[in-house]
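Printed here is start15.cif (mmCIF, C-alpha atoms):
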data_input
#
loop_
_atom_site.label_atom_id
_atom_site.label_comp_id
_atom_site.auth_asym_id
_atom_site.auth_seq_id
_atom_site.Cartn_x
_atom_site.Cartn_y
_atom_site.Cartn_z
CA MET A 1 -135.89 90.87 -53.63
CA ALA A 2 -135.16 91.95 -50.14
CA ASN A 3 -131.47 92.21 -50.83
CA LYS A 4 -131.71 94.34 -53.88
CA ILE A 5 -131.74 98.03 -54.52
CA LEU A 6 -133.43 99.79 -57.41
CA LEU A 7 -130.84 101.46 -59.58
CA GLU A 8 -131.83 104.10 -62.11
CA VAL A 9 -129.48 105.92 -64.44
CA VAL A 10 -131.05 109.02 -65.95
CA THR A 11 -129.58 111.45 -68.49
CA PRO A 12 -131.22 114.52 -70.03
CA SER A 13 -132.06 112.58 -73.18
CA ARG A 14 -133.24 109.27 -71.78
CA LEU A 15 -133.56 106.73 -69.02
CA VAL A 16 -130.48 104.59 -69.53
CA MET A 17 -131.48 101.75 -67.25
CA SER A 18 -133.78 100.94 -64.36
CA GLU A 19 -133.25 97.64 -62.63
CA GLU A 20 -133.12 95.98 -59.23
CA VAL A 21 -129.50 95.19 -58.53
CA GLU A 22 -127.47 93.58 -55.78
CA LEU A 23 -124.57 96.00 -55.85
CA ALA A 24 -123.76 99.20 -57.62
CA SER A 25 -120.58 101.23 -57.65
CA ALA A 26 -120.07 104.76 -58.86
CA PRO A 27 -117.11 107.15 -59.24
CA GLY A 28 -117.72 109.71 -56.51
CA ALA A 29 -115.90 113.02 -56.41
CA ASN A 30 -114.02 111.75 -53.35
CA GLY A 31 -113.43 108.27 -54.68
CA VAL A 32 -115.31 105.24 -55.91
CA PHE A 33 -118.05 103.99 -53.62
CA GLY A 34 -120.34 101.01 -53.61
CA VAL A 35 -123.99 100.84 -52.67
CA MET A 36 -125.97 97.78 -51.58
CA ALA A 37 -129.54 97.25 -50.45
CA ASN A 38 -130.82 99.39 -47.58
CA HIS A 39 -127.97 101.85 -47.81
CA CYS A 40 -128.57 104.94 -45.71
CA PRO A 41 -129.51 108.15 -47.56
CA LEU A 42 -126.57 109.50 -49.50
CA LEU A 43 -126.03 112.35 -51.86
CA ALA A 44 -122.78 112.46 -53.76
CA THR A 45 -121.38 114.21 -56.79
CA LEU A 46 -119.79 112.08 -59.46
CA LYS A 47 -116.80 112.37 -61.71
CA VAL A 48 -116.42 111.23 -65.26
CA GLY A 49 -115.76 107.55 -64.93
CA GLU A 50 -116.84 103.99 -64.90
CA MET A 51 -119.85 102.66 -63.06
CA HIS A 52 -120.86 99.09 -62.64
CA TYR A 53 -123.62 97.07 -61.11
CA VAL A 54 -124.14 93.42 -60.31
CA ASN A 55 -127.42 91.65 -60.84
CA ASP A 56 -127.83 87.87 -60.44
CA GLY A 57 -124.08 87.51 -60.38
CA GLN A 58 -123.74 89.31 -63.69
CA ALA A 59 -121.64 92.46 -63.72
CA VAL A 60 -122.53 95.20 -66.15
CA ARG A 61 -120.40 98.24 -66.83
CA LEU A 62 -121.41 101.75 -67.80
CA ALA A 63 -119.54 104.87 -68.78
CA ILE A 64 -120.95 108.01 -67.23
CA SER A 65 -119.82 111.60 -67.30
CA GLY A 66 -120.43 114.00 -64.49
CA GLY A 67 -123.56 114.47 -62.46
CA PHE A 68 -124.59 113.18 -59.07
CA CYS A 69 -126.18 110.31 -57.29
CA ASP A 70 -128.97 110.15 -54.75
CA VAL A 71 -129.64 107.15 -52.55
CA SER A 72 -132.79 107.01 -50.45
CA ASN A 73 -135.57 104.54 -49.63
CA ASN A 74 -133.66 101.64 -51.12
CA ARG A 75 -133.42 103.44 -54.41
CA MET A 76 -130.35 104.77 -56.11
CA THR A 77 -130.73 107.41 -58.77
CA VAL A 78 -127.79 108.48 -60.85
CA LEU A 79 -128.24 111.72 -62.77
CA ALA A 80 -125.47 112.01 -65.29
CA GLU A 81 -124.86 114.35 -68.18
CA SER A 82 -124.35 111.33 -70.35
CA GLY A 83 -124.38 107.61 -69.74
CA GLU A 84 -124.02 104.51 -71.86
CA LEU A 85 -124.00 100.81 -71.16
CA ALA A 86 -120.81 99.08 -72.23
CA THR A 87 -122.64 97.37 -75.08
CA GLU A 88 -123.95 100.68 -76.41
CA ILE A 89 -120.62 102.41 -76.70
CA ASP A 90 -119.51 103.28 -80.19
CA ILE A 91 -115.81 102.40 -80.02
CA ASP A 92 -114.93 104.02 -83.33
CA ARG A 93 -116.52 107.25 -82.29
CA ALA A 94 -114.75 107.20 -78.95
CA LEU A 95 -111.43 106.52 -80.69
CA ARG A 96 -111.95 109.45 -82.99
CA ALA A 97 -112.91 111.61 -80.01
CA LYS A 98 -109.76 110.54 -78.22
CA GLU A 99 -107.53 111.45 -81.17
CA ARG A 100 -109.31 114.76 -81.59
CA ALA A 101 -108.93 115.56 -77.91
CA GLU A 102 -105.24 114.69 -77.95
CA ARG A 103 -104.68 116.93 -80.94
CA ARG A 104 -106.57 119.79 -79.30
CA LEU A 105 -104.62 119.33 -76.12
CA GLN A 106 -101.35 119.73 -78.00
CA GLU A 107 -102.61 122.78 -79.83
CA ALA A 108 -103.83 124.33 -76.61
CA GLU A 109 -100.56 123.61 -74.92
CA ALA A 110 -98.69 125.38 -77.69
CA ARG A 111 -100.93 128.40 -77.36
CA LYS A 112 -101.08 128.25 -73.58
CA GLY A 113 -104.88 128.48 -73.73
CA GLU A 114 -105.92 127.35 -70.27
CA ILE A 115 -109.63 127.08 -70.94
CA ASP A 116 -109.08 125.20 -74.17
CA MET A 117 -106.70 122.91 -72.38
CA ALA A 118 -109.15 122.15 -69.60
CA ARG A 119 -111.83 121.50 -72.17
CA ALA A 120 -109.61 119.22 -74.22
CA ARG A 121 -108.51 117.37 -71.12
CA ALA A 122 -112.13 116.81 -70.07
CA ALA A 123 -112.97 115.54 -73.54
CA LEU A 124 -109.98 113.22 -73.43
CA THR A 125 -111.05 111.80 -70.07
CA ARG A 126 -114.53 111.12 -71.40
CA ALA A 127 -113.17 109.40 -74.47
CA LEU A 128 -110.75 107.30 -72.44
CA VAL A 129 -113.48 106.18 -70.05
CA ARG A 130 -115.69 105.20 -72.95
CA LEU A 131 -112.89 103.22 -74.53
CA HIS A 132 -112.03 101.55 -71.26
CA VAL A 133 -115.61 100.57 -70.50
CA GLY A 134 -116.26 99.62 -74.10
CA GLY A 135 -113.36 97.18 -73.83
CA ALA A 136 -111.05 98.56 -76.50
CA GLN A 137 -107.27 98.39 -76.25
CA THR A 138 -105.88 101.81 -75.50
CA MET B 1 -167.23 138.48 -114.02
CA ALA B 2 -163.98 136.63 -114.38
CA SER B 3 -163.76 134.37 -117.38
CA LEU B 4 -164.01 130.62 -117.11
CA LYS B 5 -160.32 130.18 -117.77
CA ASP B 6 -159.31 132.62 -115.03
CA ILE B 7 -161.39 130.80 -112.45
CA LYS B 8 -160.04 127.44 -113.55
CA LEU B 9 -156.47 128.69 -113.12
CA LYS B 10 -157.21 130.02 -109.68
CA ILE B 11 -158.72 126.71 -108.57
CA VAL B 12 -155.66 124.82 -109.78
CA GLY B 13 -153.36 127.21 -107.90
CA ILE B 14 -155.25 126.93 -104.64
CA LYS B 15 -155.35 123.16 -104.92
CA LYS B 16 -151.55 123.15 -105.09
CA THR B 17 -151.32 125.37 -102.02
CA GLU B 18 -153.68 123.04 -100.22
CA GLN B 19 -151.43 120.11 -100.97
CA ILE B 20 -148.45 121.93 -99.53
CA THR B 21 -150.18 123.00 -96.34
CA LYS B 22 -151.57 119.51 -95.89
CA ALA B 23 -148.10 118.04 -96.21
CA MET B 24 -146.67 120.58 -93.76
CA ASN B 25 -149.41 119.73 -91.33
CA MET B 26 -148.50 116.07 -91.46
CA VAL B 27 -144.78 116.77 -91.13
CA ALA B 28 -145.46 119.00 -88.11
CA ALA B 29 -147.61 116.27 -86.56
CA ALA B 30 -144.80 113.75 -86.91
CA LYS B 31 -142.23 116.19 -85.54
CA LEU B 32 -144.52 117.09 -82.67
CA ARG B 33 -144.61 113.47 -81.65
CA GLY B 34 -140.82 113.43 -81.56
CA ALA B 35 -140.59 116.72 -79.66
CA GLN B 36 -143.14 115.59 -77.12
CA GLN B 37 -141.24 112.36 -76.65
CA ARG B 38 -138.05 114.29 -75.93
CA MET B 39 -139.89 116.43 -73.43
CA GLU B 40 -141.19 113.29 -71.74
CA ASP B 41 -137.71 111.79 -71.68
CA PHE B 42 -136.28 114.91 -70.13
CA ARG B 43 -138.93 115.14 -67.42
CA PRO B 44 -137.58 112.44 -65.03
CA TYR B 45 -134.17 114.09 -65.12
CA ALA B 46 -135.55 117.56 -64.42
CA GLU B 47 -137.88 116.33 -61.69
CA LYS B 48 -135.19 114.37 -59.91
CA PHE B 49 -132.88 117.31 -60.24
CA SER B 50 -135.22 119.74 -58.56
CA SER B 51 -136.11 117.28 -55.83
CA VAL B 52 -132.43 116.84 -54.99
CA MET B 53 -131.91 120.59 -55.04
CA GLY B 54 -134.87 120.91 -52.69
CA GLU B 55 -133.33 118.32 -50.45
CA LEU B 56 -130.11 120.28 -50.31
CA ALA B 57 -131.84 123.59 -49.79
CA GLY B 58 -133.69 122.00 -46.88
CA ALA B 59 -130.37 121.02 -45.31
CA GLY B 60 -130.13 124.49 -43.82
CA ILE B 61 -127.95 126.51 -46.11
CA ASN B 62 -127.51 130.21 -46.17
CA PRO B 63 -128.36 131.78 -49.55
CA LYS B 64 -125.75 134.45 -48.96
CA ASP B 65 -122.97 131.90 -49.24
CA PHE B 66 -123.76 131.21 -52.85
CA PRO B 67 -122.90 133.73 -55.53
CA LEU B 68 -125.58 132.37 -57.82
CA MET B 69 -128.27 133.03 -55.23
CA ALA B 70 -127.15 136.53 -54.37
CA ALA B 71 -129.89 139.07 -55.02
CA ARG B 72 -128.57 142.57 -55.53
CA PRO B 73 -130.02 145.90 -56.65
CA VAL B 74 -131.02 145.56 -60.28
CA LYS B 75 -129.35 147.77 -62.83
CA ARG B 76 -129.32 145.57 -65.89
CA ILE B 77 -131.30 142.49 -66.70
CA MET B 78 -130.95 139.87 -69.35
CA LEU B 79 -133.74 138.06 -71.10
CA ILE B 80 -133.17 134.70 -72.71
CA LEU B 81 -135.78 134.54 -75.42
CA VAL B 82 -136.54 131.17 -76.91
CA THR B 83 -138.34 131.23 -80.26
CA SER B 84 -138.42 128.91 -83.23
CA ASP B 85 -136.02 128.99 -86.15
CA ARG B 86 -138.66 128.77 -88.81
CA GLY B 87 -141.88 130.58 -89.52
CA LEU B 88 -145.22 129.40 -90.85
CA CYS B 89 -146.49 128.52 -87.43
CA GLY B 90 -149.25 131.05 -86.96
CA ALA B 91 -148.89 133.68 -84.29
CA PHE B 92 -146.53 131.58 -82.18
CA ASN B 93 -143.35 133.61 -82.65
CA ALA B 94 -145.25 136.88 -82.87
CA ASN B 95 -146.77 136.18 -79.47
CA LEU B 96 -143.40 135.41 -77.96
CA ILE B 97 -141.82 138.52 -79.44
CA LYS B 98 -144.72 140.64 -78.27
CA ALA B 99 -144.42 139.25 -74.75
CA ALA B 100 -140.67 139.88 -74.81
CA GLY B 101 -141.16 143.46 -75.99
CA LYS B 102 -143.68 144.09 -73.26
CA PHE B 103 -141.37 142.70 -70.61
CA LEU B 104 -138.39 144.69 -71.85
CA ASP B 105 -140.43 147.90 -71.96
CA SER B 106 -141.68 147.34 -68.43
CA GLN B 107 -138.07 146.91 -67.29
CA LYS B 108 -137.10 150.10 -69.06
CA GLU B 109 -139.85 151.96 -67.25
CA LYS B 110 -138.39 150.79 -63.97
CA GLY B 111 -135.10 152.28 -65.08
CA HIS B 112 -133.35 148.97 -65.70
CA GLU B 113 -131.19 148.38 -68.69
CA ALA B 114 -132.00 145.29 -70.66
CA CYS B 115 -130.18 142.97 -73.00
CA LEU B 116 -131.08 139.76 -74.73
CA SER B 117 -129.80 136.33 -75.46
CA CYS B 118 -131.79 134.88 -78.32
CA ILE B 119 -132.27 131.21 -78.97
CA GLY B 120 -133.98 130.62 -82.31
CA ARG B 121 -133.74 132.66 -85.46
CA LYS B 122 -137.10 134.42 -85.35
CA GLY B 123 -136.56 136.30 -82.11
CA ASN B 124 -132.98 137.04 -83.07
CA VAL B 125 -133.94 138.62 -86.39
CA PHE B 126 -136.52 140.81 -84.71
CA PHE B 127 -134.45 142.06 -81.82
CA LYS B 128 -131.29 142.62 -83.87
CA LYS B 129 -133.18 145.59 -85.32
CA SER B 130 -134.48 146.82 -81.97
CA PRO B 131 -132.71 149.24 -79.61
CA PHE B 132 -132.05 146.38 -77.16
CA GLU B 133 -128.66 144.79 -77.27
CA VAL B 134 -128.45 141.15 -78.27
CA VAL B 135 -125.43 139.78 -76.43
CA GLN B 136 -125.70 136.21 -77.62
CA SER B 137 -127.61 134.57 -80.41
CA THR B 138 -127.97 130.86 -80.80
CA VAL B 139 -129.71 130.05 -84.06
CA GLY B 140 -130.34 127.01 -86.18
CA ILE B 141 -130.51 124.52 -83.36
CA MET B 142 -134.21 124.24 -82.64
CA GLY B 143 -134.52 121.29 -85.00
CA ASN B 144 -132.09 119.27 -82.95
CA ILE B 145 -131.94 120.48 -79.37
CA GLN B 146 -128.94 119.23 -77.43
CA MET B 147 -127.84 119.64 -73.85
CA PHE B 148 -124.62 121.37 -74.86
CA ASN B 149 -126.60 124.16 -76.54
CA ALA B 150 -128.32 124.81 -73.24
CA ARG B 151 -124.97 124.62 -71.49
CA GLN B 152 -123.45 127.28 -73.75
CA VAL B 153 -126.28 129.70 -73.14
CA GLY B 154 -126.36 128.89 -69.43
CA GLN B 155 -122.61 129.31 -69.03
CA ASN B 156 -122.72 132.68 -70.73
CA ALA B 157 -125.58 133.83 -68.50
CA ILE B 158 -123.78 132.63 -65.39
CA ASN B 159 -120.56 134.37 -66.37
CA LEU B 160 -122.32 137.67 -67.01
CA PHE B 161 -124.13 137.32 -63.72
CA LEU B 162 -120.98 136.57 -61.76
CA GLU B 163 -119.12 139.44 -63.38
CA GLU B 164 -122.05 141.61 -62.26
CA LYS B 165 -122.69 142.69 -65.82
CA VAL B 166 -126.28 141.62 -65.40
CA ASP B 167 -128.17 141.42 -62.13
CA GLU B 168 -131.08 139.24 -63.14
CA VAL B 169 -131.65 136.67 -65.83
CA HIS B 170 -135.09 135.75 -67.07
CA VAL B 171 -136.11 133.22 -69.65
CA LEU B 172 -139.14 133.56 -71.91
CA TYR B 173 -140.37 130.54 -73.79
CA GLY B 174 -143.46 129.05 -75.39
CA ARG B 175 -144.86 126.73 -72.79
CA PHE B 176 -146.55 123.67 -74.21
CA ILE B 177 -149.91 123.30 -72.53
CA ASN B 178 -151.57 121.12 -75.13
CA VAL B 179 -151.70 120.80 -78.89
CA VAL B 180 -153.94 123.86 -79.28
CA VAL B 181 -152.66 126.07 -76.48
CA GLN B 182 -149.10 127.37 -76.17
CA ARG B 183 -148.47 130.18 -73.76
CA PRO B 184 -145.49 132.54 -73.58
CA THR B 185 -144.11 132.00 -70.10
CA LEU B 186 -141.57 134.04 -68.18
CA ASN B 187 -139.29 132.57 -65.52
CA ARG B 188 -136.54 134.11 -63.48
CA ILE B 189 -133.55 131.78 -63.40
CA LEU B 190 -130.88 133.97 -61.82
CA PRO B 191 -130.41 134.69 -59.01
CA ILE B 192 -131.74 131.30 -58.00
CA SER B 193 -134.49 131.73 -55.44
CA THR B 194 -134.87 129.54 -52.39
CA GLU B 195 -138.51 128.89 -53.28
CA GLY B 196 -137.43 127.81 -56.73
CA LEU B 197 -135.14 125.29 -55.14
CA GLY B 198 -137.46 124.14 -52.43
CA GLY B 199 -140.37 123.10 -54.61
CA ALA B 200 -142.52 120.46 -52.99
CA GLU B 201 -139.86 119.67 -50.41
CA ALA B 202 -140.11 123.04 -48.70
CA LYS B 203 -143.57 122.22 -47.39
CA GLU B 204 -142.42 119.16 -45.50
CA PRO B 205 -141.27 119.64 -41.95
CA LYS B 206 -137.52 119.37 -41.93
CA GLY B 207 -137.20 117.02 -39.01
CA ALA B 208 -139.25 114.30 -40.69
CA LYS B 209 -136.59 113.58 -43.26
CA ALA B 210 -133.88 111.03 -42.76
CA THR B 211 -130.49 112.63 -42.45
CA TYR B 212 -128.41 112.35 -45.54
CA ILE B 213 -124.77 111.60 -45.87
CA TYR B 214 -123.30 114.23 -48.12
CA GLU B 215 -120.21 113.63 -50.11
CA PRO B 216 -118.63 116.16 -50.37
CA LYS B 217 -120.26 118.81 -48.13
CA PRO B 218 -123.74 120.09 -49.03
CA GLU B 219 -122.30 123.51 -49.84
CA GLU B 220 -119.85 122.05 -52.30
CA ILE B 221 -122.48 119.89 -53.92
CA LEU B 222 -124.77 122.88 -54.29
CA ASN B 223 -121.98 124.93 -55.81
CA GLN B 224 -121.54 122.24 -58.39
CA LEU B 225 -125.22 121.69 -59.02
CA MET B 226 -126.37 125.28 -59.29
CA PRO B 227 -124.86 125.98 -62.71
CA MET B 228 -126.30 122.67 -63.87
CA PHE B 229 -129.66 123.72 -62.51
CA VAL B 230 -129.57 126.83 -64.68
CA ASN B 231 -128.72 124.69 -67.70
CA VAL B 232 -131.54 122.29 -66.92
CA GLU B 233 -133.99 125.20 -66.78
CA ILE B 234 -132.82 126.49 -70.15
CA MET B 235 -132.93 123.02 -71.68
CA HIS B 236 -136.44 122.64 -70.39
CA ALA B 237 -137.47 125.96 -71.94
CA MET B 238 -135.94 124.93 -75.25
CA LEU B 239 -137.69 121.58 -75.34
CA GLU B 240 -141.04 123.14 -74.46
CA THR B 241 -140.64 125.74 -77.19
CA GLY B 242 -139.66 123.03 -79.66
CA ALA B 243 -142.83 121.07 -78.98
CA SER B 244 -144.96 124.24 -78.96
CA GLU B 245 -143.57 125.30 -82.32
CA GLN B 246 -144.60 122.07 -83.99
CA ALA B 247 -148.01 122.15 -82.34
CA ALA B 248 -148.55 125.75 -83.45
CA ARG B 249 -147.47 124.89 -86.98
CA MET B 250 -149.84 121.95 -87.03
CA THR B 251 -152.81 124.12 -86.10
CA ALA B 252 -151.79 126.91 -88.46
CA MET B 253 -151.44 124.50 -91.37
CA ASP B 254 -154.71 122.82 -90.49
CA ASN B 255 -156.43 126.21 -90.65
CA ALA B 256 -154.73 127.01 -93.94
CA THR B 257 -155.85 123.71 -95.44
CA ARG B 258 -159.39 124.39 -94.34
CA ALA B 259 -159.30 127.91 -95.79
CA CYS B 260 -158.09 126.43 -99.08
CA LYS B 261 -160.98 123.98 -99.12
CA ASP B 262 -163.48 126.80 -98.56
CA MET B 263 -161.98 128.89 -101.32
CA ILE B 264 -162.03 125.97 -103.73
CA ALA B 265 -165.69 125.33 -102.93
CA ASP B 266 -166.58 128.99 -103.55
CA LEU B 267 -164.58 129.15 -106.75
CA THR B 268 -166.04 125.91 -108.07
CA GLN B 269 -169.49 127.32 -107.56
CA ALA B 270 -168.55 130.52 -109.37
CA PHE B 271 -167.02 128.43 -112.13
CA ASN B 272 -170.19 126.37 -112.56
CA LYS B 273 -172.35 129.47 -112.59
CA ALA B 274 -170.17 131.08 -115.24
CA ARG B 275 -170.21 127.91 -117.30
CA GLN B 276 -174.01 127.69 -117.03
CA SER B 277 -174.52 131.25 -118.16
CA ALA B 278 -172.12 130.71 -121.05
CA ILE B 279 -174.17 127.70 -122.18
CA THR B 280 -177.41 129.62 -121.81
CA ALA B 281 -176.04 132.50 -123.86
CA GLU B 282 -174.91 130.10 -126.58
CA LEU B 283 -178.33 128.40 -126.64
CA MET B 284 -180.04 131.78 -126.94
CA ASP B 285 -177.81 132.52 -129.91
CA ILE B 286 -178.70 129.27 -131.66
CA VAL B 287 -182.41 129.62 -130.96
CA GLY B 288 -182.27 133.24 -132.13
CA GLY B 289 -180.50 132.14 -135.33
CA ALA B 290 -183.05 129.38 -136.03
CA GLU B 291 -185.89 131.83 -135.43
CA ALA B 292 -184.41 134.24 -137.97
CA LEU B 293 -184.23 131.57 -140.70
CA LYS B 294 -187.93 130.85 -140.55
#
Before we go any further, please render this structure as structure tokens.
Amino acid sequence: MANKILLEVVTPSRLVMSEEVELASAPGANGVFGVMANHCPLLATLKVGEMHYVNDGQAVRLAISGGFCDVSNNRMTVLAESGELATEIDIDRALRAKERAERRLQEAEARKGEIDMARARAALTRALVRLHVGGAQT
Amino acid sequence: MASLKDIKLKIVGIKKTEQITKAMNMVAAAKLRGAQQRMEDFRPYAEKFSSVMGELAGAGINPKDFPLMAARPVKRIMLILVTSDRGLCGAFNANLIKAAGKFLDSQKEKGHEACLSCIGRKGNVFFKKSPFEVVQSTVGIMGNIQMFNARQVGQNAINLFLEEKVDEVHVLYGRFINVVVQRPTLNRILPISTEGLGGAEAKEPKGAKATYIYEPKPEEILNQLMPMFVNVEIMHAMLETGASEQAARMTAMDNATRACKDMIADLTQAFNKARQSAITAELMDIVGGAEALK
């Protein structure tokens, strides 16, 4: 146990997971970083992206969107706006979201609506990350 | 005295009402369980969030650097009023609306203008007819509260605040204390106060804490987290109101069911009395008739 760190992923609607892990990596705003046991205190903001952790040699992937991460006292807490384990991802839904976002992006481009475009782009990123983590061919 | 048939009809009617209120009570109880669960699920997120904000606030930042913390002379305030979408929950919404009215009047006395953002149909309907301006209404979502609803309201509030169209934002919601007590509670959410951020952390001596690595800089993190903090506060208010609404409805319906039972008992007694006197009168008739034949 000495070489493990407690990883918790929390979203507004639920506790996604809470487990002692050997290694965790998260998509920081300044790039992906990894955290192992006894990491020094760290506070970082996160991007929409893929997270993974390793426990007993088993790697598990998660899709998270936005939020931040706090490491202290051998405990890593990820607060994300949404988070799903790879096995929980609804691929069909993500595919639909991707198509919808692409369509919106085109519409916004035609109208030169900057806010709409940013929103569509963010939605597209989220959908792509979900698809990627969920293991679908894109 | 009402005739036997009239009383009978009344009893039947009240029995039907009793069935309805009983059913509503049970539905509210089930929904309350769900709403309380959601509140519980949200708590770890909210708690962690404020502890991190406290951590950052303790890192020695200057409130003046952050537009969302900037206090300025108040000319116009905004109240985010969270009520339920549906009625039949006793005095719950009435209490919230009364508290809102009181707050708005007190602001008016101070010479501040006031406007509203209403979440939930009941408050919206009431204040649409009042002299106060309703700048945003979010209705029909209290049955299924989602983070993006809170984000929409929060974003709007933040934009108005940054454009200096409002100088303070307060939120009024029905705080869930327990199943019988729900209290209208007022919170200021903008500008964000240092005490609000500090929470428990502020009491600790600063030097005792291990130094954090910040990525990116604390200021940048705070700038990103502050809008989210506002959303979290609104979400929290919405979830509390949601649970309070169901609890209030449960108690109201319980009272209604009990009142129905009392009325049925009274009416049944009246019915029996009327029936008895009818029988007696009939008997007297027969006896009188037999007497006359002798």
Picked residues, the PyMOL selection byres ((chain A) within 12 of (chain B)), as a PyMOL selection string: chain A and resi 8-16+27-33+39-47+66-73+76-82
Close residues, Leu95 (chain A) itself excluded, 12 Å, only C-alpha atoms, min 4 positions apart in chain, as a list in words: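 Counting only the stated atoms, we get Ile89, Asp90, Ile91, Glu99, Arg100, Ala101, Glu102, Ala123, Leu124, Thr125, Arg126, Ala127, Leu128, Val129, Arg130, Leu131, His132, Gly134, Gly135, Ala136, Gln137 and Thr138 of chain A.
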Point-to-point distance in Å for CA of Ala26 (chain A) and CA of Gly57 (chain A):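 Going from CA of Gly57 (chain A) over to CA of Ala26 (chain A), I get 17.8 Å.
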Care to translate the PyMOL selection byres ((chain B and resi 126) around 12) into actual residues of this file, as a PDB file with C-alpha atoms, in the frame of the given file?
ATOM      1  CA  LEU B  81    -135.780 134.540 -75.420  1.00  0.00           C
ATOM      2  CA  THR B  83    -138.340 131.230 -80.260  1.00  0.00           C
ATOM      3  CA  ASP B  85    -136.020 128.990 -86.150  1.00  0.00           C
ATOM      4  CA  ASN B  93    -143.350 133.610 -82.650  1.00  0.00           C
ATOM      5  CA  ALA B  94    -145.250 136.880 -82.870  1.00  0.00           C
ATOM      6  CA  LEU B  96    -143.400 135.410 -77.960  1.00  0.00           C
ATOM      7  CA  ILE B  97    -141.820 138.520 -79.440  1.00  0.00           C
ATOM      8  CA  LYS B  98    -144.720 140.640 -78.270  1.00  0.00           C
ATOM      9  CA  ALA B 100    -140.670 139.880 -74.810  1.00  0.00           C
ATOM     10  CA  GLY B 101    -141.160 143.460 -75.990  1.00  0.00           C
ATOM     11  CA  LEU B 116    -131.080 139.760 -74.730  1.00  0.00           C
ATOM     12  CA  CYS B 118    -131.790 134.880 -78.320  1.00  0.00           C
ATOM     13  CA  ILE B 119    -132.270 131.210 -78.970  1.00  0.00           C
ATOM     14  CA  GLY B 120    -133.980 130.620 -82.310  1.00  0.00           C
ATOM     15  CA  ARG B 121    -133.740 132.660 -85.460  1.00  0.00           C
ATOM     16  CA  LYS B 122    -137.100 134.420 -85.350  1.00  0.00           C
ATOM     17  CA  GLY B 123    -136.560 136.300 -82.110  1.00  0.00           C
ATOM     18  CA  ASN B 124    -132.980 137.040 -83.070  1.00  0.00           C
ATOM     19  CA  VAL B 125    -133.940 138.620 -86.390  1.00  0.00           C
ATOM     20  CA  PHE B 127    -134.450 142.060 -81.820  1.00  0.00           C
ATOM     21  CA  LYS B 128    -131.290 142.620 -83.870  1.00  0.00           C
ATOM     22  CA  LYS B 129    -133.180 145.590 -85.320  1.00  0.00           C
ATOM     23  CA  SER B 130    -134.480 146.820 -81.970  1.00  0.00           C
ATOM     24  CA  PRO B 131    -132.710 149.240 -79.610  1.00  0.00           C
ATOM     25  CA  PHE B 132    -132.050 146.380 -77.160  1.00  0.00           C
ATOM     26  CA  GLU B 133    -128.660 144.790 -77.270  1.00  0.00           C
ATOM     27  CA  VAL B 134    -128.450 141.150 -78.270  1.00  0.00           C
ATOM     28  CA  SER B 137    -127.610 134.570 -80.410  1.00  0.00           C
TER      29      SER B 137
END
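Residues matched by the PyMOL selection byres ((chain B and resi 230) around 10) in this structure: Leu68, Ala150, Arg151, Val153, Gly154, Gln155, Ala157, Ile158, Ile189, Leu190, Pro191, Ile192, Leu225, Met226, Pro227, Met228, Phe229, Asn231, Val232, Glu233, Ile234, Met235 and His236 of chain B.
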Closest of B:Val169, B:Val27, B:Leu32, B:Ala243 to Lys75 (chain B) - atom-to-atom distances counting only C-alpha atoms: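 Looking at the shortest contact to Lys75 (chain B), the residue is B:Val169.
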Spatial neighbours of Gly34 (chain A), max dist 7 Å, only C-alpha atoms, sep filter under 4 positions, as a ChimeraX atom specification: /A:23-26
One-decimal distance in Å that lies between CA of Lys165 (chain B) and CA of Lys112 (chain A):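 Distance between the two atoms: 27.1 Å.
One distance worth recording is that between CA of Val54 (chain A) and CA of Glu19 (chain A), which is 10.3 Å.
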